[in-house]
Structure formats: structure tokens, C-alpha cells
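J.: I'd like to ask some things about the structure below.
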Amino acid sequence: MNEQILELVAIFSTTTLIGLGVAAVLKMFNLPFIWMHQVNKESKRHGGELVAEVLKSHGVRHIFTLPGGHISPISVAAEKLGIQIVDTRHEAAAAFAADAVARMSGMVGVVAVTAGPGLTNAVTAIKNAQMAQSPVLLLGGAAASILKGRGALQDIDQMSLFKPLCKFCATVTCVRNIVPTLQKALQEAQSGTPGPVFVEFPIDVLYPYHMVAKEVGVKGEGKSFMQKIVNWYLGNYLDNLFAGAWEPQDTKPLKVNIPFASSDTVSRCVEIVSRSKKPVIVLGSQATLPPTPVEDLRRSLENLGIPCYLGGMSRGLLGRKSPLQMRQKRRDALKEADCIILAGAVCDFRLSYGRVLGRKAKIIAINRNKTELYKNSDMFWKPTEAVVGDVATFLRDLSAGLAGYQCDSEWLSTLRERDEAKEQDNMKMAEEVTEKHLNPMKVFTELEELLPSSAVLVADGGDFVATAAYILRPRGPLTWLDPGAFGTLGVGGGFALGAKLCRPDSEIWIIYGDGSFGYSLAEIDTYTRHKTPVIALVGNDAGWTQITREQVTTFGSSVGCDLVHCDYHTAAEGLGAKGILLGRNDSISDKLKEAQELHAEGHSVVVNCLIGSTKFREGSISV
């Protein structure tokens with residue numbers, strides 16, 4: 001490269017000395033050689049317009065963001081094309097909201113944040129999306145390419161942060177590459193095992209030519225020869241940056257690549273299930289992914305007639321009171337089953353790494369991700385059939401192949417009787433009077449009777465939320481949002497925002513612990529500004545109870561776990577919501593109905609529910 005530069009300079013200079021001076025200048029700036037291009041320097045267009053055009057053509061309806069100078073062109077251009085810009089109070093909340101949209105809509109959720117701290121604030125949420133297999137597109141600002149590593153504002157090595165977290169990472173190096181880079185990112189987010197992707201936009205590919213020229217330091221004609229050379233180089237840098245920028249490009253989506261099970265594989269699985277008497281299906285979130293609609297999946301499961309345990313986004317898939325859905329005593333069922341279908345469920349800590357699976361059972365595992373498909377199979381379990389493919393499509397094909405199959409009626413009756421007996425025990429425990437405040441189980445049994453058929457439940461917390469999971473019944477498919485395998489606290493504010501935008505006519509209930517509520521209290525202001533009312537039920541027991549349970553028992557100390565009974569309802573009113581205090585002497589039902597009435601009027605509502613302790617989850621640990 002240096003030889004090329006010297007040769008070129010020699011053409012324009014009269015002495016070798018001048019040529020060496022130019023090479024020294026380029027070396028000093030650590031700049032590569034750039035060929036000249038013809039560009040329209042008077043154009044007011046900017047790269048943000050291309051970003052918006054691609055997102056629009058992919059059906060994106062919302063971009064979640066915090067404002068930042070590095071990404072302003074994206075927000076402004078997207079708004080002009082009718083994409084709603086939803087600004088939150090923290091970048092993590094913006095990314096969580098995009099995650100919720102991805103899960104509930106089956107499309108890519110989009111979050112745009114500024115460079116440096118804007119992106120570092122989003123790291124936890126992006127990791128959560130990775131582990132939950134949510135297709136999220138993260139758009140991040142960055143310092144101008146020519147200024148990277150020179151001390152520019154908020155300039156850090158962002159790619160190193162996100163390469164371990166994202167399926168696809170790319171830096172856009174010139175304006176003409178915006179469209180193909182985004183198309184590829186959106187394709188990758190949805191292909192195979194879905195997950196987050198990251199596209200970095202140096203500020204000079206987003207702003208108009210004249211502004212970029214000023215930013216990189218082109219100064220008029222230049223008085224000295226050296227300044228002329230520098231200007232010449234920078235001018236060519238700019239021309240290369242904007243060359244071909246506004247030539248027409250196809251922005252339509254690229255084909256998404258999804259693995260499907262072969263017909264031979266399905267046939268082998270049909271044979272296995274047809275011989276079973278006591279089968280069980282365990283569904284994970286992958287079952288709700290496109291392309292098979294969740295309603296088609298539901299019909300397939302009903303046609304199979306096999307008892308199901310639902311987890312993650314598949315909660316609610318079979319409705320509120322399906323005779324096939326089992327909620328209690330899952331461990332016992334898995335030990336006794338002669339055939340277990342792991343439909344997107346993974347043998348991680350949630351299934352005791354596979355140790356709960358019966359040793360004599362035939363196990364069919366289906367997953368888009370080969371690593372998760374075989375997780376811990378070298379230690380505690382072995383799949384009879386391991387299927388790399390789309391879960392819902394496989395179950396649909398399996399159902400078609402098993403037309404007329406019926407599992408043992410006694411098996412179904414046994415599981416149902418166990419379920420009902422455990423739930424009766426829970427109801428009795430819910431009626432017990434706690435030493436102080438309200439029994440949290442009683443709060444949930446009354447909420448369960450009040451939730452409308454379209455309600456969406458967002459889970460963000462520890463002990464209070466874990467109790468809710470045993471009592472509240474999601475009303476339908478894609479109506480339960482929890483963090484997933486990463487167990488992240490703080491998802492509630494963003495998840496509820498995304499859910500409300502996907503289901504504007506539904507009641508969105510956030511089930512908060514008082515610890516987790518602290519993460520996203522400020523997002524109540526977001527709901528107020530964007531007219532996206534939600535209802536937050538805060539279980540206020542003045543502590544991090546899920547941690548206290550084990551810490552006090554094991555170490556005899558609650559250090560770091562103690563909170564106070566804050567007036568969360570009052571704080572919420574300062575942010576534009578309505579606050580309700582629910583205590584021992586109040587009618588639970590009346591207070592919850594009041595919250596619903598206020599919500600119907602267009603208000604966000606925070607119910608500060610003072611709760612005591614029960615023995616319901618005694619002995620549970622959180623590691």
C-alpha cells in the first residue's frame with residue numbers, strides 16, 4: 001500500500017522528498033489508500049433514511065430507543081415513514097421491549113441505542129434475548145470510522161462486547177452497504193435458532209455529506225501543501241463513504257432459513273409414540289416460533305391427546321382449563337412416563353439437567369439448536385430420537401401421523417387427579433392467615449378470578465412471581481412473558497411496554513416483586529407519555545425473599561436482603577400513574593377491580609400489595 005501511495009504522490013509532486021512527506025502524513029493518520037469516487041456533495045439525504053426504508057419493508061412497526069446524537073438520523077427517518085419511535089428511560093428497558101415484541105409478534109424486535117454507554121447499558125437485555133432465543137435487532141451508534149481509536153466521544157470496542165452475545169455482528173463501513181447489511185442481519189435474527197443481531201453504525205454513515213465533511217475536518221482549500229494533501233485524502237475518504245449511496249436498492253426481506261425434520265424422522269417418532277401408553281410432552285418457548293401459527297400447534301396438541309407441561313412462552317397455549325395441560329407434580333410424571341417428548345424444552349437446570357427423566361422412557365427431543373438438543377445427554381440422559389428442526393411443525397406432522405392414537409386413559413386420570421389434589425392443597429394454604437399483611441397466595445387466587453380472557457401476564461421477580469406461576473393461569477397463547485433461562489430481574493418495565501404495543505386492547509399485568517420493581521419504576525413515565533397503560537401488582541414484603549429463604553437458613557443472616565415497605569403507589573403517582581395501597585384490612589377483590597377500572601379509563605396503575613410470608617415455597621433455593 002505504501003508503494004502505491006508513493007507512486008501516486010510521485011505523479012503529482014516534483015520531488016521524492018514531497019512524496020515521502022505525503023506518505024508520512026498518511027502514516028501519521030494511520031489511513032489507508034482510497035480511490036476517488038463521484039458523489040453528489042449537495043445532497044441532503046442521510047443514511048438514517050436507508051435504515052428506515054429497510055425496517056419499513058420488513059414490517060417493523062416500533063423502534064425502542066433512548067435519544068443519542070449518534071443515532072438521531074435513524075429515529076427521525078423512521079418516524080417520517082410511520083414507524084413509531086418509543087423512547088424509554090433506560091436502554092435495558094428498550095431492549096427488553098424489543099424482546100417482548102419479538103416473542104409476541106413473531107417478527108424481529110428493534111432497539112436503537114447510542115454509542116458507548118448506550119450499548120453497554122443494553123448488554124444484559126441482549127444476553128437475555130440470546131438465551132431466550134428472541135430475534136432482536138440491536139442498532140448501535142459509533143464514532144466515525146476515521147476517528148476510531150483517536151479519543152472520540154463514547155468510542156469503545158463495541159464489536160468485542162456483542163460478538164459473544166449475537167448471532168451476527170457487522171459494522172457498516174459506507175452508506176451503500178446499509179441496505180444489504182441490515183437485510184442480512186434481519187435474516188440471521190430469524191434463521192435457524194433465532195437470536196439477537198447487532199449492526200454498528202459509525203456516525204459518518206448516518207449523517208449527510210456536508211455534516212460529515214465538517215466532522216472529519218476538511219478545511220476549505222488549504223493553504224499549505226501538506227494541508228492540501230490531507231484535504232485531498234479526506235475528500236477521497238468522504239467520496240468513498242458516499243459513493244453509490246443513493247442508487248436504488250431492493251430492501252425486501254431475504255428468505256429465512258428454518259430447519260425442518262425429515263419425513264423419515266417423523267415416521268420413526270410416530271412409531272415410538274404409537275407404542276407408548278404413558279406419554280408426556282414438555283413444551284418450551286421454541287414451540288411458539290413461526291412459521292407454524294400457535295393456533296395450528298394448539299389443534300395438533302389437542303388431536304394428539306397427550307398430557308402436556310408448558311413452559312416459557314408456551315404457557316397458556318392450551319387455554320385456561322385444558323384437560324391436557326398439567327401444572328403440578330411434573331417430576332413424578334417424568335419419572336413414570338414411558339415416552340417423553342421434549343418439544344423445545346432443554347435439559348438444563350429447569351429439568352435438573354435431565355436427571356428427572358425416566359431411565360426406561362423413550363425420549364424424543366426436538367430443537368432447532370443442536371447444542372441445546374443434546375445438552376447434558378453425555379451425563380444424565382440419552383435421546384432415543386434427536387431431531388434438529390422446527391418444534392411446532394414437527395408436532396403438527398407428528399399429530400397427522402398419529403391420527404386415531406389415544407394414550408392410556410388411566411394415565412391421564414392419574415395425572416389429572418394429582419394436579420387437582422395439589423391445587424386443592426394450594427387453595428387451602430391460600431386461606432391461611434399470615435402473621436402480618438396479606439397471604440400472597442390469597443391475592444393470586446382472587447386475581448385469577450378477575451383476569452379477562454385477553455389478559456397478558458408479565459413476570460418480573462423472585463418469590464412473589466414464583467408463587468404466581470403456580471396459581472395464575474395464562475389465558476391463551478403468547479400471554480405469559482418471563483425472562484427465560486437467564487433469570488434476569490428488571491424485565492418487567494420493557495416487557496410490559498412491548499406487550500401493550502402488540503396487544504393495545506388487553507390488560508397487561510406485571511407481577512413484580514418489590515425488589516425487581518426498583519429496576520423499572522421510572523418506566524411508568526414511559527407508559528404515561530406513550531399512552532400505553534398497564535397494571536403493576538407489586539408484592540411488597542420488604543425484602544429479597546427468594547434469596548433470604550436460603551441465606552438465613554444456611555448462614556444465619558439476611559444481610560443485603562432487607563428492604564422497607566416503600567410507598568410504591570405514591571412514587572407511581574409522581575410519574576403519572578394511579579396508585580393503590582392494598583393491605584390486610586382491604587378487600588382484595590375490590591382493590592383489584594378498582595385497578596381494572598382505572599386502567600379502562602386509560603391510566604397505568606400500581607397496586608402496592610403488602611404481603612406476609614407463607615410456607616408455600618419453603619426450602620426452595622435460587623441457584
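Each chain of the C-alpha cells is named A, B, ... in the order shown, its residues numbered from 1; ligands are numbered from 1 in display order.
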Wanna dump the region 223-306 of chain A-region 197-214 of chain A contacts at 12 Å for me, each residue with its shortest atom pair and the distance in Å to one decimal, counting only C-alpha atoms, ordered by chain and number, as CSV?
T.:
```
residue,atom,partner,partner_atom,distance
A:Asn231,CA,A:Ala213,CA,10.1
A:Tyr233,CA,A:Ala213,CA,11.9
A:Leu234,CA,A:Ala213,CA,8.2
A:Gly235,CA,A:Ala213,CA,7.9
A:Asn236,CA,A:Ala213,CA,10.8
A:Tyr237,CA,A:Ala213,CA,9.7
A:Leu238,CA,A:Ala213,CA,7.0
A:Asp239,CA,A:Tyr209,CA,8.9
A:Asn240,CA,A:Val205,CA,10.9
A:Leu241,CA,A:Val205,CA,7.1
A:Phe242,CA,A:Tyr209,CA,7.4
A:Ala243,CA,A:Tyr209,CA,10.7
A:Ala245,CA,A:Val205,CA,9.6
A:Trp246,CA,A:Pro208,CA,11.6
```
J.: Mind writing the picked residues with all heavy atoms as a compact mmCIF listing (two decimals), in the first residue's frame?
T.:
```txt
# COMPACT_ATOMS: atom_id res chain seq x y z
N ASN A 231 -6.42 17.36 2.89
CA ASN A 231 -7.77 17.58 2.37
C ASN A 231 -8.08 16.64 1.20
O ASN A 231 -9.20 16.16 1.06
CB ASN A 231 -7.93 19.03 1.93
CG ASN A 231 -8.18 19.95 3.11
OD1 ASN A 231 -8.31 19.51 4.24
ND2 ASN A 231 -8.23 21.26 2.85
N TYR A 233 -6.87 13.68 0.76
CA TYR A 233 -7.13 12.35 1.29
C TYR A 233 -8.52 12.29 1.92
O TYR A 233 -9.30 11.37 1.66
CB TYR A 233 -6.09 11.96 2.35
CG TYR A 233 -6.41 10.61 2.94
CD1 TYR A 233 -6.01 9.44 2.30
CD2 TYR A 233 -7.19 10.49 4.08
CE1 TYR A 233 -6.34 8.21 2.79
CE2 TYR A 233 -7.54 9.26 4.59
CZ TYR A 233 -7.11 8.11 3.94
OH TYR A 233 -7.46 6.88 4.43
N LEU A 234 -8.84 13.26 2.76
CA LEU A 234 -10.13 13.25 3.45
C LEU A 234 -11.28 13.36 2.47
O LEU A 234 -12.34 12.76 2.65
CB LEU A 234 -10.19 14.37 4.49
CG LEU A 234 -9.24 14.23 5.68
CD1 LEU A 234 -9.34 15.46 6.58
CD2 LEU A 234 -9.53 12.98 6.48
N GLY A 235 -11.07 14.15 1.42
CA GLY A 235 -12.11 14.26 0.39
C GLY A 235 -12.38 12.94 -0.28
O GLY A 235 -13.53 12.58 -0.55
N ASN A 236 -11.31 12.20 -0.56
CA ASN A 236 -11.50 10.89 -1.18
C ASN A 236 -12.12 9.90 -0.21
O ASN A 236 -12.90 9.04 -0.60
CB ASN A 236 -10.15 10.36 -1.68
CG ASN A 236 -9.78 10.97 -3.01
OD1 ASN A 236 -10.36 10.64 -4.04
ND2 ASN A 236 -8.83 11.88 -2.99
N TYR A 237 -11.76 10.04 1.07
CA TYR A 237 -12.40 9.21 2.10
C TYR A 237 -13.90 9.44 2.09
O TYR A 237 -14.71 8.49 2.11
CB TYR A 237 -11.80 9.55 3.46
CG TYR A 237 -12.57 8.97 4.63
CD1 TYR A 237 -12.43 7.64 4.99
CD2 TYR A 237 -13.47 9.76 5.36
CE1 TYR A 237 -13.13 7.11 6.06
CE2 TYR A 237 -14.17 9.24 6.43
CZ TYR A 237 -14.01 7.91 6.77
OH TYR A 237 -14.71 7.39 7.82
N LEU A 238 -14.30 10.70 2.05
CA LEU A 238 -15.73 11.03 2.04
C LEU A 238 -16.40 10.54 0.77
O LEU A 238 -17.52 10.02 0.80
CB LEU A 238 -15.90 12.54 2.16
CG LEU A 238 -15.62 13.15 3.54
CD1 LEU A 238 -15.55 14.66 3.44
CD2 LEU A 238 -16.68 12.72 4.53
N ASP A 239 -15.72 10.70 -0.35
CA ASP A 239 -16.32 10.25 -1.61
C ASP A 239 -16.52 8.75 -1.61
O ASP A 239 -17.54 8.25 -2.11
CB ASP A 239 -15.42 10.67 -2.78
CG ASP A 239 -15.46 12.17 -3.02
OD1 ASP A 239 -16.31 12.84 -2.42
OD2 ASP A 239 -14.62 12.67 -3.79
N ASN A 240 -15.56 8.01 -1.06
CA ASN A 240 -15.72 6.57 -0.96
C ASN A 240 -16.86 6.21 -0.02
O ASN A 240 -17.63 5.28 -0.26
CB ASN A 240 -14.43 5.93 -0.47
CG ASN A 240 -14.52 4.42 -0.43
OD1 ASN A 240 -14.61 3.77 -1.47
ND2 ASN A 240 -14.50 3.86 0.76
N LEU A 241 -16.99 6.98 1.06
CA LEU A 241 -18.04 6.74 2.05
C LEU A 241 -19.43 6.88 1.44
O LEU A 241 -20.34 6.13 1.75
CB LEU A 241 -17.87 7.74 3.21
CG LEU A 241 -18.56 7.46 4.53
CD1 LEU A 241 -17.98 6.22 5.19
CD2 LEU A 241 -18.42 8.66 5.45
N PHE A 242 -19.59 7.87 0.56
CA PHE A 242 -20.91 8.17 0.00
C PHE A 242 -21.09 7.68 -1.43
O PHE A 242 -22.16 7.89 -2.02
CB PHE A 242 -21.16 9.69 0.06
CG PHE A 242 -21.51 10.18 1.44
CD1 PHE A 242 -20.52 10.53 2.34
CD2 PHE A 242 -22.83 10.26 1.85
CE1 PHE A 242 -20.83 10.98 3.62
CE2 PHE A 242 -23.16 10.70 3.11
CZ PHE A 242 -22.15 11.05 4.00
N ALA A 243 -20.09 7.05 -2.02
CA ALA A 243 -20.21 6.58 -3.41
C ALA A 243 -21.35 5.58 -3.54
O ALA A 243 -21.45 4.63 -2.77
CB ALA A 243 -18.90 5.94 -3.85
N ALA A 245 -24.33 5.84 -2.76
CA ALA A 245 -25.21 5.82 -1.59
C ALA A 245 -26.68 5.83 -1.96
O ALA A 245 -27.50 5.16 -1.32
CB ALA A 245 -24.89 7.00 -0.68
N TRP A 246 -27.04 6.59 -2.96
CA TRP A 246 -28.47 6.80 -3.23
C TRP A 246 -28.95 6.07 -4.49
O TRP A 246 -30.03 6.33 -4.98
CB TRP A 246 -28.76 8.30 -3.33
CG TRP A 246 -28.07 9.08 -2.25
CD1 TRP A 246 -27.21 10.13 -2.40
CD2 TRP A 246 -28.13 8.84 -0.84
NE1 TRP A 246 -26.74 10.56 -1.19
CE2 TRP A 246 -27.30 9.79 -0.21
CE3 TRP A 246 -28.82 7.93 -0.03
CZ2 TRP A 246 -27.12 9.84 1.17
CZ3 TRP A 246 -28.64 7.98 1.33
CH2 TRP A 246 -27.81 8.92 1.93
```
J.: In Å, with one decimal, what is the gap from CA of Ser75 (chain A) to CA of Ala499 (chain A)?
T.: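 So the two atoms, CA of Ser75 (chain A) and CA of Ala499 (chain A), lie 21.1 Å apart.
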J.: Go through A:Val175, A:Ile85, A:Val552, A:Val230 and flag the residue nearest Gly244 (chain A), using only C-alpha atoms for the distances.
T.: A:Val175
J.: Got a sec to tell me which of region 407-546 of chain A DSSP assigns to helix (DSSP H, G or I), as a PyMOL selection string?
T.: chain A and resi 409-430+440-450+463-471+492-502+514-520+523-530+545-546
J.: Within 12 Å of Ile281 (chain A), counting only C-alpha atoms, which residues show up once you throw out same-chain ones fewer than 4 positions away? Write them as a PyMOL selection string, please.
T.: chain A and resi 273+287+301-302+304-311+314+324-326+330+333-334+337-345+357+362-366+391+395+407
J.: Could you tell me which of A:Gly476, A:Gly59, A:Pro504, A:Gly401 comes closest to Ser263 (chain A) if we count only C-alpha atoms?
T.: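 That would be A:Gly401, the residue with the smallest distance to Ser263 (chain A).
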J.: As a PDB file with N, CA and C atoms, in the first residue's frame, please: every residue in region 271-477 of chain A that a backbone DSSP assignment puts in strand (DSSP E or B).
T.:
```
ATOM      1  N   PRO A 279     -47.384 -41.414  27.643  1.00  0.00           N
ATOM      2  CA  PRO A 279     -46.513 -40.362  27.093  1.00  0.00           C
ATOM      3  C   PRO A 279     -46.742 -39.011  27.780  1.00  0.00           C
ATOM      4  N   VAL A 280     -45.727 -38.161  27.685  1.00  0.00           N
ATOM      5  CA  VAL A 280     -45.802 -36.799  28.204  1.00  0.00           C
ATOM      6  C   VAL A 280     -45.080 -35.881  27.230  1.00  0.00           C
ATOM      7  N   ILE A 281     -45.637 -34.690  27.032  1.00  0.00           N
ATOM      8  CA  ILE A 281     -44.967 -33.668  26.222  1.00  0.00           C
ATOM      9  C   ILE A 281     -44.559 -32.524  27.138  1.00  0.00           C
ATOM     10  N   VAL A 282     -43.316 -32.085  27.016  1.00  0.00           N
ATOM     11  CA  VAL A 282     -42.837 -30.896  27.725  1.00  0.00           C
ATOM     12  C   VAL A 282     -42.495 -29.851  26.675  1.00  0.00           C
ATOM     13  N   LEU A 283     -43.230 -28.747  26.684  1.00  0.00           N
ATOM     14  CA  LEU A 283     -43.040 -27.713  25.661  1.00  0.00           C
ATOM     15  C   LEU A 283     -42.262 -26.526  26.210  1.00  0.00           C
ATOM     16  N   CYS A 308     -49.650 -32.488  28.634  1.00  0.00           N
ATOM     17  CA  CYS A 308     -48.599 -31.518  28.340  1.00  0.00           C
ATOM     18  C   CYS A 308     -48.227 -30.701  29.574  1.00  0.00           C
ATOM     19  N   TYR A 309     -46.939 -30.445  29.718  1.00  0.00           N
ATOM     20  CA  TYR A 309     -46.426 -29.476  30.689  1.00  0.00           C
ATOM     21  C   TYR A 309     -45.840 -28.323  29.877  1.00  0.00           C
ATOM     22  N   LEU A 310     -46.331 -27.126  30.146  1.00  0.00           N
ATOM     23  CA  LEU A 310     -45.979 -25.966  29.327  1.00  0.00           C
ATOM     24  C   LEU A 310     -45.036 -25.041  30.083  1.00  0.00           C
ATOM     25  N   GLN A 325     -53.569 -30.037  29.863  1.00  0.00           N
ATOM     26  CA  GLN A 325     -52.484 -29.291  30.499  1.00  0.00           C
ATOM     27  C   GLN A 325     -52.342 -29.692  31.954  1.00  0.00           C
ATOM     28  N   CYS A 339     -42.781 -42.544  27.497  1.00  0.00           N
ATOM     29  CA  CYS A 339     -42.347 -41.784  26.323  1.00  0.00           C
ATOM     30  C   CYS A 339     -42.395 -40.295  26.676  1.00  0.00           C
ATOM     31  N   ILE A 340     -41.279 -39.617  26.502  1.00  0.00           N
ATOM     32  CA  ILE A 340     -41.198 -38.189  26.818  1.00  0.00           C
ATOM     33  C   ILE A 340     -40.809 -37.433  25.562  1.00  0.00           C
ATOM     34  N   ILE A 341     -41.620 -36.461  25.201  1.00  0.00           N
ATOM     35  CA  ILE A 341     -41.321 -35.613  24.045  1.00  0.00           C
ATOM     36  C   ILE A 341     -40.869 -34.245  24.560  1.00  0.00           C
ATOM     37  N   LEU A 342     -39.599 -33.950  24.386  1.00  0.00           N
ATOM     38  CA  LEU A 342     -39.044 -32.649  24.773  1.00  0.00           C
ATOM     39  C   LEU A 342     -39.166 -31.717  23.576  1.00  0.00           C
ATOM     40  N   ALA A 343     -40.247 -30.980  23.534  1.00  0.00           N
ATOM     41  CA  ALA A 343     -40.565 -30.132  22.387  1.00  0.00           C
ATOM     42  C   ALA A 343     -40.038 -28.713  22.615  1.00  0.00           C
ATOM     43  N   GLY A 344     -38.759 -28.531  22.360  1.00  0.00           N
ATOM     44  CA  GLY A 344     -38.135 -27.238  22.604  1.00  0.00           C
ATOM     45  C   GLY A 344     -37.721 -27.052  24.045  1.00  0.00           C
ATOM     46  N   LYS A 362     -38.661 -43.829  26.459  1.00  0.00           N
ATOM     47  CA  LYS A 362     -38.187 -43.436  25.133  1.00  0.00           C
ATOM     48  C   LYS A 362     -38.275 -41.908  25.068  1.00  0.00           C
ATOM     49  N   ILE A 363     -37.186 -41.263  24.690  1.00  0.00           N
ATOM     50  CA  ILE A 363     -37.141 -39.800  24.706  1.00  0.00           C
ATOM     51  C   ILE A 363     -36.948 -39.260  23.295  1.00  0.00           C
ATOM     52  N   ILE A 364     -37.905 -38.445  22.881  1.00  0.00           N
ATOM     53  CA  ILE A 364     -37.816 -37.749  21.594  1.00  0.00           C
ATOM     54  C   ILE A 364     -37.542 -36.280  21.900  1.00  0.00           C
ATOM     55  N   ALA A 365     -36.431 -35.769  21.437  1.00  0.00           N
ATOM     56  CA  ALA A 365     -36.070 -34.371  21.670  1.00  0.00           C
ATOM     57  C   ALA A 365     -36.065 -33.620  20.347  1.00  0.00           C
ATOM     58  N   ILE A 366     -36.739 -32.481  20.341  1.00  0.00           N
ATOM     59  CA  ILE A 366     -36.797 -31.645  19.139  1.00  0.00           C
ATOM     60  C   ILE A 366     -36.324 -30.246  19.501  1.00  0.00           C
ATOM     61  N   ASN A 367     -35.402 -29.722  18.713  1.00  0.00           N
ATOM     62  CA  ASN A 367     -34.899 -28.381  18.957  1.00  0.00           C
ATOM     63  C   ASN A 367     -34.226 -27.872  17.694  1.00  0.00           C
ATOM     64  N   GLU A 385     -34.568 -40.401  19.934  1.00  0.00           N
ATOM     65  CA  GLU A 385     -34.535 -39.686  18.651  1.00  0.00           C
ATOM     66  C   GLU A 385     -34.217 -38.225  18.937  1.00  0.00           C
ATOM     67  N   ALA A 386     -33.166 -37.708  18.339  1.00  0.00           N
ATOM     68  CA  ALA A 386     -32.791 -36.296  18.476  1.00  0.00           C
ATOM     69  C   ALA A 386     -33.060 -35.603  17.144  1.00  0.00           C
ATOM     70  N   VAL A 387     -33.984 -34.681  17.152  1.00  0.00           N
ATOM     71  CA  VAL A 387     -34.470 -34.073  15.910  1.00  0.00           C
ATOM     72  C   VAL A 387     -34.075 -32.606  15.858  1.00  0.00           C
ATOM     73  N   VAL A 388     -33.239 -32.256  14.907  1.00  0.00           N
ATOM     74  CA  VAL A 388     -32.920 -30.847  14.673  1.00  0.00           C
ATOM     75  C   VAL A 388     -33.976 -30.300  13.717  1.00  0.00           C
ATOM     76  N   LEU A 438     -50.946  -9.504  53.986  1.00  0.00           N
ATOM     77  CA  LEU A 438     -51.800 -10.420  53.226  1.00  0.00           C
ATOM     78  C   LEU A 438     -51.058 -11.690  52.831  1.00  0.00           C
ATOM     79  N   VAL A 456     -52.634 -10.327  29.499  1.00  0.00           N
ATOM     80  CA  VAL A 456     -51.251 -10.757  29.305  1.00  0.00           C
ATOM     81  C   VAL A 456     -50.522 -10.581  30.636  1.00  0.00           C
ATOM     82  N   LEU A 457     -49.782 -11.610  31.036  1.00  0.00           N
ATOM     83  CA  LEU A 457     -49.074 -11.593  32.311  1.00  0.00           C
ATOM     84  C   LEU A 457     -47.578 -11.467  32.078  1.00  0.00           C
ATOM     85  N   VAL A 458     -46.963 -10.505  32.749  1.00  0.00           N
ATOM     86  CA  VAL A 458     -45.513 -10.294  32.677  1.00  0.00           C
ATOM     87  C   VAL A 458     -44.930 -10.618  34.042  1.00  0.00           C
ATOM     88  N   ALA A 459     -43.963 -11.508  34.093  1.00  0.00           N
ATOM     89  CA  ALA A 459     -43.384 -11.963  35.349  1.00  0.00           C
ATOM     90  C   ALA A 459     -42.010 -11.339  35.556  1.00  0.00           C
ATOM     91  N   ASP A 460     -41.861 -10.600  36.643  1.00  0.00           N
ATOM     92  CA  ASP A 460     -40.577  -9.967  36.941  1.00  0.00           C
ATOM     93  C   ASP A 460     -40.348  -9.962  38.450  1.00  0.00           C
TER      94      ASP A 460
END
```
J.: Within 10 Å of region 604-616 of chain A, which residues of region 442-512 of chain A show up? Give each one with its shortest atom-to-atom distance in Å (one decimal) and the two atoms involved, counting only C-alpha atoms, rows by chain then rising residue number, as CSV.
T.:
```
residue,atom,partner,partner_atom,distance
A:Lys442,CA,A:Ile611,CA,10.0
A:Val443,CA,A:Cys609,CA,8.6
A:Asp463,CA,A:Phe616,CA,10.0
A:Phe464,CA,A:Ile611,CA,9.2
A:Thr467,CA,A:Phe616,CA,7.8
A:Ile508,CA,A:Ser604,CA,9.8
A:Trp509,CA,A:Val605,CA,9.6
A:Ile510,CA,A:Val606,CA,9.3
A:Tyr512,CA,A:Asn608,CA,9.8
```
J.: Kindly indicate which residue among A:Thr445, A:Ser276, A:Thr371, A:Ser300 lies nearest to Ser399 (chain A), using only C-alpha atoms for the distances.
T.: A:Ser300
